[in-house]
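What follows is the content of run.txt (compact mmCIF, C-alpha atoms).
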# COMPACT_ATOMS: atom_id res chain seq x y z
CA MET Q 434 -1.08 4.81 72.88
CA VAL Q 435 2.13 5.94 74.60
CA PHE Q 436 4.16 3.88 72.13
CA LYS Q 437 2.32 5.45 69.19
CA LYS Q 438 3.02 8.93 70.56
CA MET Q 439 6.68 8.04 70.90
CA LEU Q 440 6.81 6.77 67.31
CA SER Q 441 5.08 9.94 66.12
CA ALA Q 442 7.67 12.07 67.91
CA PHE Q 443 10.32 10.29 65.81
CA GLY Q 444 8.37 10.84 62.62
CA VAL Q 445 6.94 7.34 62.31
CA GLY Q 446 3.31 7.35 61.20
CA GLY Q 447 3.29 11.15 61.10
CA PRO Q 448 2.09 13.53 58.37
CA SER Q 449 3.67 13.44 54.92
CA VAL Q 450 4.33 16.36 52.58
CA ASP Q 451 4.76 16.60 48.82
CA THR Q 452 5.10 19.95 47.07
CA VAL Q 453 4.12 20.19 43.41
CA LEU Q 454 5.22 23.15 41.31
CA ALA Q 455 3.02 24.25 38.42
CA ASN Q 456 6.22 25.01 36.52
CA PRO Q 457 9.74 24.61 37.97
CA ASN Q 458 11.10 27.07 35.38
CA THR Q 459 11.21 30.74 36.28
CA ARG Q 460 13.18 33.97 35.89
CA PRO Q 461 14.36 36.63 38.32
CA GLY Q 462 11.48 38.91 39.27
CA LEU Q 463 8.78 36.35 38.44
CA ALA Q 464 7.16 33.83 40.79
CA LEU Q 465 6.88 30.10 41.49
CA ASP Q 466 3.33 28.76 41.80
CA GLY Q 467 2.47 25.45 43.40
CA HIS Q 468 0.64 23.45 46.03
CA VAL Q 469 1.82 21.92 49.29
CA ASN Q 470 0.04 18.56 49.54
CA LEU Q 471 -0.33 17.24 53.08
CA VAL Q 472 -1.59 13.83 54.19
CA GLY Q 473 -2.34 13.21 57.86
CA GLY Q 474 -0.64 10.39 59.70
CA ASP Q 475 -1.96 7.76 62.10
CA ALA Q 476 -2.82 10.29 64.79
CA PRO Q 477 -3.96 13.92 64.93
CA ALA Q 478 -1.11 16.40 64.49
CA ARG Q 479 -0.82 20.09 65.19
CA ILE Q 480 0.89 21.86 62.32
CA GLU Q 481 2.60 24.96 63.67
CA GLN Q 482 3.65 26.46 60.33
CA ILE Q 483 4.32 25.59 56.71
CA SER Q 484 6.91 27.58 54.78
CA VAL Q 485 8.68 27.41 51.43
CA GLY Q 486 12.13 28.76 50.65
CA LEU Q 487 14.75 28.87 47.92
CA VAL Q 488 18.01 27.09 48.67
CA THR Q 489 21.27 26.96 46.74
CA ARG Q 490 24.91 26.01 47.14
CA VAL Q 491 27.28 28.84 48.08
CA GLU Q 492 31.09 28.91 48.21
CA ILE Q 493 32.51 30.31 51.45
CA GLU Q 494 36.11 31.42 51.88
CA GLY Q 495 37.65 31.44 55.33
CA GLY Q 496 41.35 32.04 55.82
CA ASP Q 497 43.18 29.71 53.47
CA THR Q 498 40.25 27.33 53.02
CA GLU Q 499 37.19 27.32 50.81
CA TYR Q 500 34.15 25.12 51.28
CA ALA Q 501 30.57 24.84 50.06
CA GLY Q 502 27.43 25.21 52.14
CA VAL Q 503 23.74 25.14 51.35
CA MET Q 504 22.00 28.43 52.05
CA GLU Q 505 18.31 29.24 52.21
CA PHE Q 506 18.19 32.80 50.92
CA HIS Q 507 14.46 33.51 50.52
CA ARG Q 508 11.56 32.20 52.62
CA MET Q 509 7.81 32.72 52.75
CA PRO Q 510 5.16 31.27 55.11
CA VAL Q 511 2.41 29.31 53.37
CA SER Q 512 0.22 28.53 56.36
CA GLY Q 513 -0.09 29.26 60.06
CA ALA Q 514 -1.08 26.81 62.79
CA PHE Q 515 -3.91 24.29 62.36
CA GLU Q 516 -4.94 20.77 63.35
CA LEU Q 517 -4.43 17.96 60.83
CA ALA Q 518 -6.72 14.97 61.35
CA PRO Q 519 -5.57 11.37 60.75
CA LYS Q 520 -5.37 10.61 57.00
CA GLN Q 521 -6.75 14.07 56.19
CA GLN Q 522 -5.65 15.37 52.76
CA LEU Q 523 -4.99 19.06 52.14
CA ALA Q 524 -3.67 21.00 49.13
CA ILE Q 525 -2.45 24.47 50.11
CA PRO Q 526 -1.69 26.84 47.21
CA PHE Q 527 1.19 29.33 47.25
CA GLN Q 528 2.93 31.85 45.02
CA LEU Q 529 6.55 32.57 45.92
CA PRO Q 530 8.07 35.75 44.41
CA VAL Q 531 11.53 35.12 42.99
CA PRO Q 532 14.00 37.86 44.05
CA TRP Q 533 15.46 39.94 41.25
CA GLU Q 534 18.99 38.99 42.34
CA THR Q 535 18.31 35.24 42.16
CA PRO Q 536 21.21 33.65 40.24
CA VAL Q 537 20.71 32.11 36.83
CA THR Q 538 20.98 28.31 36.76
CA ASP Q 539 20.05 27.44 33.15
CA VAL Q 540 21.19 28.96 29.85
CA TYR Q 541 20.34 27.74 26.34
CA GLY Q 542 18.24 24.99 27.90
CA GLN Q 543 21.16 23.53 29.87
CA ARG Q 544 22.10 23.66 33.54
CA LEU Q 545 25.19 25.79 34.14
CA HIS Q 546 27.94 23.55 35.47
CA GLY Q 547 28.35 24.40 39.16
CA MET Q 548 24.83 25.71 39.81
CA THR Q 549 22.08 24.16 41.95
CA MET Q 550 18.74 25.58 43.03
CA GLY Q 551 15.79 24.09 44.88
CA LEU Q 552 12.52 24.94 46.59
CA ARG Q 553 12.45 23.54 50.11
CA THR Q 554 9.15 23.02 51.92
CA GLU Q 555 9.23 22.80 55.69
CA VAL Q 556 6.30 21.61 57.81
CA ALA Q 557 6.78 22.34 61.51
CA VAL Q 558 4.92 19.68 63.53
CA ALA Q 559 4.32 20.23 67.26
CA ARG Q 560 6.10 17.69 69.51
CA ALA Q 561 7.37 15.71 66.50
CA VAL Q 562 10.05 15.69 63.82
CA ASP Q 563 9.52 18.40 61.21
CA LYS Q 564 8.79 17.25 57.67
CA SER Q 565 10.41 18.64 54.53
CA ASP Q 566 10.37 18.29 50.76
CA LEU Q 567 12.77 19.57 48.09
CA ASP Q 568 12.00 20.30 44.45
CA GLN Q 569 14.41 21.30 41.72
CA VAL Q 570 14.03 24.82 40.33
CA SER Q 571 15.49 26.20 37.10
CA VAL Q 572 16.13 29.94 36.88
CA HIS Q 573 16.47 31.20 33.33
CA PRO Q 574 18.05 34.53 32.30
CA LEU Q 575 16.14 37.73 31.66
CA PRO Q 576 16.37 39.25 28.16
CA ILE Q 577 19.21 41.59 29.20
CA HIS Q 578 21.18 38.65 30.64
CA GLU Q 579 20.60 36.62 27.46
CA ARG Q 580 21.83 39.41 25.17
CA ILE Q 581 25.02 39.89 27.15
CA LEU Q 582 25.68 36.15 27.37
CA ASP Q 583 25.02 35.90 23.62
CA ALA Q 584 27.64 38.61 23.06
CA PHE Q 585 30.24 36.67 25.05
CA GLN Q 586 29.52 33.63 22.91
CA ALA Q 587 29.68 35.67 19.70
CA LEU Q 588 33.06 37.07 20.76
CA GLY Q 589 34.40 33.52 21.15
CA PHE Q 590 34.43 33.11 24.93
CA ARG Q 591 33.97 29.55 26.19
CA PHE Q 592 32.00 28.86 29.35
CA LYS Q 593 34.07 27.33 32.14
CA HIS Q 594 32.13 27.27 35.40
CA ALA Q 595 29.61 29.14 37.54
CA ASP Q 596 29.31 29.43 41.30
CA LEU Q 597 28.03 31.64 44.09
CA GLU Q 598 30.45 33.48 46.36
CA ARG Q 599 29.35 34.59 49.80
CA GLY Q 600 29.98 38.30 50.32
CA HIS Q 601 29.20 41.65 48.75
CA ILE Q 602 30.53 43.62 45.80
CA TYR Q 603 31.93 46.95 46.89
CA GLY Q 604 29.63 49.85 46.05
CA VAL Q 605 26.87 47.73 44.49
CA PRO Q 606 23.47 47.57 46.28
CA GLN Q 607 22.71 43.92 47.09
CA THR Q 608 19.80 42.28 48.87
CA LEU Q 609 21.27 38.75 48.91
CA PRO Q 610 24.37 37.71 50.89
CA PHE Q 611 26.12 36.27 47.83
CA TYR Q 612 26.83 37.02 44.17
CA GLN Q 613 27.15 34.79 41.12
CA GLU Q 614 30.32 34.45 39.09
CA ILE Q 615 30.03 33.07 35.54
CA GLU Q 616 33.52 32.17 34.40
CA PHE Q 617 34.77 32.08 30.79
CA PHE Q 618 37.99 31.03 29.13
CA ALA Q 619 39.37 33.98 27.19
CA ALA Q 620 38.45 34.27 23.51
CA PRO Q 621 41.39 34.03 21.08
CA GLN Q 622 41.51 37.78 20.36
CA TYR Q 623 41.94 38.50 24.10
CA ALA Q 624 44.24 35.58 24.90
CA GLN Q 625 47.39 37.71 24.85
CA THR Q 626 45.89 40.00 27.49
CA VAL Q 627 43.70 37.86 29.77
CA THR Q 628 43.40 34.20 30.73
CA GLU Q 629 39.84 34.21 32.12
CA VAL Q 630 36.90 36.56 32.58
CA GLU Q 631 34.34 36.37 35.38
CA LEU Q 632 30.93 37.92 34.74
CA THR Q 633 28.56 38.95 37.54
CA PHE Q 634 25.00 40.25 37.23
CA VAL Q 635 23.41 42.12 40.13
CA THR Q 636 19.83 42.62 38.98
CA SER Q 637 17.11 44.94 40.19
CA GLN Q 638 13.66 45.87 38.92
CA GLN Q 639 15.20 48.77 36.99
CA GLY Q 640 18.15 47.06 35.35
CA VAL Q 641 21.36 45.18 35.95
CA GLU Q 642 24.82 46.01 37.23
CA VAL Q 643 27.36 44.14 35.09
CA ILE Q 644 30.66 43.47 36.85
CA LEU Q 645 33.65 42.12 34.94
CA GLU Q 646 36.75 40.66 36.55
CA CYS Q 647 39.54 39.98 34.05
CA ASP Q 648 42.50 37.84 35.06
CA LYS Q 649 45.28 39.70 33.25
CA ARG Q 650 48.37 37.90 32.08
CA GLY Q 651 51.73 38.94 33.46
CA GLY Q 652 54.51 40.14 31.22
CA PHE Q 653 58.24 39.54 31.16
CA LEU Q 654 58.82 42.19 33.82
CA SER Q 655 55.38 42.34 35.46
CA ALA Q 656 53.16 40.02 37.45
CA GLY Q 657 49.61 39.14 36.51
CA HIS Q 658 46.72 40.86 38.27
CA ASP Q 659 42.96 41.30 38.19
CA ALA Q 660 41.22 44.21 36.48
CA PHE Q 661 37.64 45.19 37.25
CA GLY Q 662 34.90 46.98 35.37
CA ARG Q 663 31.34 47.87 36.32
CA PHE Q 664 28.58 48.95 33.93
CA SER Q 665 24.91 49.80 34.53
CA VAL Q 666 22.29 48.73 32.00
CA PRO Q 667 18.49 49.29 32.08
CA HIS Q 668 16.19 46.41 31.12
CA SER Q 669 14.69 48.55 28.37
CA ASP Q 670 17.94 48.42 26.37
CA ALA Q 671 17.92 44.63 26.05
CA THR Q 672 16.42 44.43 22.57
CA ARG Q 673 17.47 47.74 21.05
CA THR Q 674 21.24 47.43 21.23
CA ASP Q 675 23.88 45.48 19.32
CA TRP Q 676 25.50 43.97 22.39
CA THR Q 677 28.53 42.35 20.79
CA PRO Q 678 30.46 45.62 20.19
CA VAL Q 679 29.27 46.97 23.55
CA VAL Q 680 30.62 43.98 25.48
CA ASP Q 681 33.82 44.09 23.42
CA GLY Q 682 34.18 47.74 24.43
CA TRP Q 683 33.60 46.90 28.08
CA LEU Q 684 36.29 44.24 27.99
CA ARG Q 685 38.85 46.40 26.23
CA GLU Q 686 38.21 49.29 28.59
CA THR Q 687 38.49 47.04 31.63
CA THR Q 688 41.71 45.34 30.54
CA SER Q 689 43.31 48.64 29.50
CA ARG Q 690 43.36 49.83 33.10
CA TYR Q 691 46.33 48.99 35.26
CA GLY Q 692 44.72 46.30 37.37
CA SER Q 693 43.12 46.83 40.69
CA LEU Q 694 43.97 44.59 43.56
CA ARG Q 695 40.96 42.85 45.07
CA ALA Q 696 41.97 43.76 48.61
CA GLN Q 697 42.14 47.48 47.80
CA GLY Q 698 38.75 47.52 46.13
CA PHE Q 699 39.79 49.79 43.25
CA GLY Q 700 38.64 49.51 39.67
CA GLY Q 701 36.48 51.10 37.07
CA GLN Q 702 32.83 52.01 37.00
CA GLY Q 703 30.91 53.11 33.98
CA HIS Q 704 27.30 53.65 33.03
CA TYR Q 705 26.23 52.24 29.73
CA GLY Q 706 25.28 54.81 27.12
CA ALA Q 707 25.87 54.67 23.38
CA PRO Q 708 28.22 51.88 22.27
CA GLY Q 709 31.75 52.82 23.19
CA HIS Q 710 30.72 55.58 25.61
CA TYR Q 711 31.10 55.16 29.33
CA GLY Q 712 30.95 57.26 32.46
CA ALA Q 713 33.81 58.45 34.61
CA PRO Q 714 35.96 55.91 36.43
CA GLY Q 715 34.90 54.97 39.91
CA HIS Q 716 35.72 52.35 42.50
CA HIS Q 717 34.93 48.68 42.46
CA GLY Q 718 36.07 45.61 44.30
CA ARG Q 719 34.87 42.48 46.01
CA ARG Q 720 34.22 42.31 49.71
CA GLY Q 721 34.60 38.70 50.68
CA PRO Q 722 33.26 36.66 53.57
CA GLY Q 723 34.59 38.97 56.26
CA MET Q 724 32.54 41.21 58.50
CA GLY Q 725 30.23 42.36 55.70
CA GLY Q 726 29.23 38.83 54.75
CA MET Q 727 28.84 37.84 58.39
CA VAL Q 728 26.59 40.80 59.14
CA ALA Q 729 24.45 40.06 56.11
CA GLY Q 730 23.99 36.44 57.17
CA ALA Q 731 23.12 37.42 60.73
CA ALA Q 732 20.61 40.02 59.59
CA LEU Q 733 18.79 37.49 57.45
CA GLY Q 734 18.48 35.05 60.34
CA VAL Q 735 17.21 31.60 59.43
CA ALA Q 736 16.56 32.55 55.83
CA GLY Q 737 20.11 33.79 55.35
CA GLY Q 738 22.06 31.29 57.40
CA LEU Q 739 23.90 28.23 56.21
CA VAL Q 740 22.03 24.98 56.56
CA ALA Q 741 23.80 22.27 58.54
CA GLY Q 742 25.93 19.73 56.78
CA GLU Q 743 23.35 16.94 56.94
CA MET Q 744 21.05 18.94 54.69
CA MET Q 745 23.80 19.18 52.10
CA GLU Q 746 23.27 15.57 51.15
CA ASP Q 747 19.54 15.75 51.77
CA ALA Q 748 19.19 18.76 49.53
CA PHE Q 749 21.54 18.09 46.65
CA GLY Q 750 22.89 14.60 47.09
CA GLY Q 751 20.05 12.37 45.96
CA GLY Q 752 18.23 11.74 49.23
CA ASP Q 753 14.56 10.89 49.57
CA ASP Q 754 13.49 14.53 49.76
CA GLY Q 755 15.32 15.56 46.63
CA GLY Q 756 17.25 14.21 43.72
CA ASP Q 757 20.66 14.50 42.18
CA PHE Q 758 20.19 17.75 40.34
CA GLY Q 759 23.18 17.14 38.13
CA ASP Q 760 25.31 19.75 36.40
CA PHE Q 761 25.22 20.49 32.72
CA GLY Q 762 27.31 22.77 30.56
CA GLU Q 763 30.58 21.01 31.28
CA GLU Q 764 33.41 21.20 28.84
Entire entry expressed as structure tokens:
Amino acid sequence: MVFKKMLSAFGVGGPSVDTVLANPNTRPGLALDGHVNLVGGDAPARIEQISVGLVTRVEIEGGDTEYAGVMEFHRMPVSGAFELAPKQQLAIPFQLPVPWETPVTDVYGQRLHGMTMGLRTEVAVARAVDKSDLDQVSVHPLPIHERILDAFQALGFRFKHADLERGHIYGVPQTLPFYQEIEFFAAPQYAQTVTEVELTFVTSQQGVEVILECDKRGGFLSAGHDAFGRFSVPHSDATRTDWTPVVDGWLRETTSRYGSLRAQGFGGQGHYGAPGHYGAPGHHGRRGPGMGGMVAGAALGVAGGLVAGEMMEDAFGGGDDGGDFGDFGEE
């Protein structure tokens, strides 16, 4: 009996968990429905808590280095404490709301190269090794995201890469401790002015803040620099606007400004109105992984912290609890 208890403490002959999603496809502001399926082990077990959370890979800059970490950014308890009998089978339903700011992982039916997203289930077992499960999740764009991405494609921009940067965008309300950058190679008609454009959506229930960062080319007597633009769009305008000329106007307005250095946090801010009409200039810039990002991570606690390196492989490297998610959308 003592030997069995020792084995149980190391996870041998303990409970097993398998989470099944009704549909792994979702959008910001919707929900993920599923069941946590538990099977008891060889001996009774006290389950202290079951929780589910969304995890993703985030780029972190520190000094002169940049590295990737896996972050759980949204968590919800599914069950409190209970006793699980040997070989007992339970199916516990859940519905996890997807935050409005959740980054997009799939566009046009393909995974964006550089993006990963998963639902992690954690079963806390008293006096034993906790159990976990990981399931791939695909987050598709909202209509307003789709229309703006369609406009970039119509203007001739080519997708390059997407990632998540830890930190906050200056002056933009954020609930998550990171933001997504969708990078494009410049379209031919902009190639004399910019080399690349980075597009960021910060979404809320009311609409989306669209942030553009244009990598401007240097001239014979001038160095290259970044130019920023920020534009506010309500969800209701998604289907009643010709977005190609609007996005073209955003880009031309942004690149016409004498660039704003990232460290100074200057730039342009406009509110979308009729095509070609924008509000007064404001301030915009990125706040990187300094004090702001650190405070955000600390405030979120477990749900906002970086998961240790061993989970990196477990989560996204093809371990038993997950699979190799793969990246699509490569050139």
Pull the neighbourhood of (36.2, 31.6, 20.8) for me: all residues within 12 Å in file coordinates, counting only C-alpha atoms, as an NGL selection string. :Q and (584-592 or 617-624)
What separation in Å, quoted to one decimal, exists between CA of Ala671 in chain Q and CA of Ile615 in chain Q?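 Pair CA of Ala671 in chain Q / CA of Ile615 in chain Q returns 19.2 Å.
CA of Gly640 in chain Q lies 13.2 Å from CA of Thr672 in chain Q.
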Have a look at Q:Leu609, Q:Val450, Q:Leu471, Q:Ala595 and name the one nearest to Glu505 in chain Q; count all atoms listed in the file. Q:Leu609
Report as a Markdown table the residues of range 450-482 of chain Q within 12 Å of range 632-636 of chain Q, each with its shortest atom pair and distance in Å (one decimal), using only C-alpha atoms, ordered by chain and increasing residue number.
| residue | atom | partner | partner_atom | distance |
| --- | --- | --- | --- | --- |
| Q:Arg460 | CA | Q:Thr636 | CA | 11.3 |
| Q:Pro461 | CA | Q:Thr636 | CA | 8.1 |
| Q:Gly462 | CA | Q:Thr636 | CA | 9.1 |
Would you write out those residues with C-alpha atoms, as a short mmCIF file (atom, residue, chain, number, x, y, z; two decimals), keeping the file's coordinate frame?
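Contents of part_4.cif, as written:
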data_model
loop_
_atom_site.label_atom_id
_atom_site.label_comp_id
_atom_site.auth_asym_id
_atom_site.auth_seq_id
_atom_site.Cartn_x
_atom_site.Cartn_y
_atom_site.Cartn_z
CA ARG Q 460 13.18 33.97 35.89
CA PRO Q 461 14.36 36.63 38.32
CA GLY Q 462 11.48 38.91 39.27
#
Which neighbours of range 481-490 of chain Q fall inside 9 Å, counting all atoms listed in the file, when residues of the same chain fewer than 2 positions from it are skipped, and could you give them as a ChimeraX atom specification? /Q:469,479,492,501-516,527,529,531,547-559,570,596-597,736,745,748-749
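In this comparison, which uses all atoms listed in the file, the residue of Q:Leu684, Q:Leu463, Q:Val562, Q:Val643 approaching Thr535 in chain Q most closely is Q:Leu463.
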Compare Q:Asp451, Q:Asp466, Q:Glu598, Q:Glu631 by their minimum atom-to-atom distance to Gln528 in chain Q, counting all atoms listed in the file, and give me the closest one.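 For Gln528 in chain Q, the nearest of the given residues is Q:Asp466.
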Looking at only C-alpha atoms, which of Q:Thr626, Q:Thr674, Q:Gln522, Q:Ser637 is the one that sits closest to Asn470 in chain Q? Q:Gln522
Give me, please, the distance in Å between CA of Val666 in chain Q and CA of Glu642 in chain Q, quoted to one decimal. 6.4 Å
Quick one: everything within 10 Å of Gln639 in chain Q, counting only C-alpha atoms, minus sequence neighbours fewer than 4 positions away in the same chain. Send it as a PDB file with C-alpha atoms, in the frame of the given file.
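The file below, around.pdb, is the result:
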ATOM      1  CA  TRP Q 533      15.460  39.940  41.250  1.00  0.00           C
ATOM      2  CA  VAL Q 666      22.290  48.730  32.000  1.00  0.00           C
ATOM      3  CA  PRO Q 667      18.490  49.290  32.080  1.00  0.00           C
ATOM      4  CA  HIS Q 668      16.190  46.410  31.120  1.00  0.00           C
ATOM      5  CA  SER Q 669      14.690  48.550  28.370  1.00  0.00           C
TER       6      SER Q 669
END
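Among the candidates Q:Ile581, Q:Lys564, Q:Glu534, Q:Asp475, the one nearest to Ser449 in chain Q when counting all atoms listed in the file is Q:Lys564.
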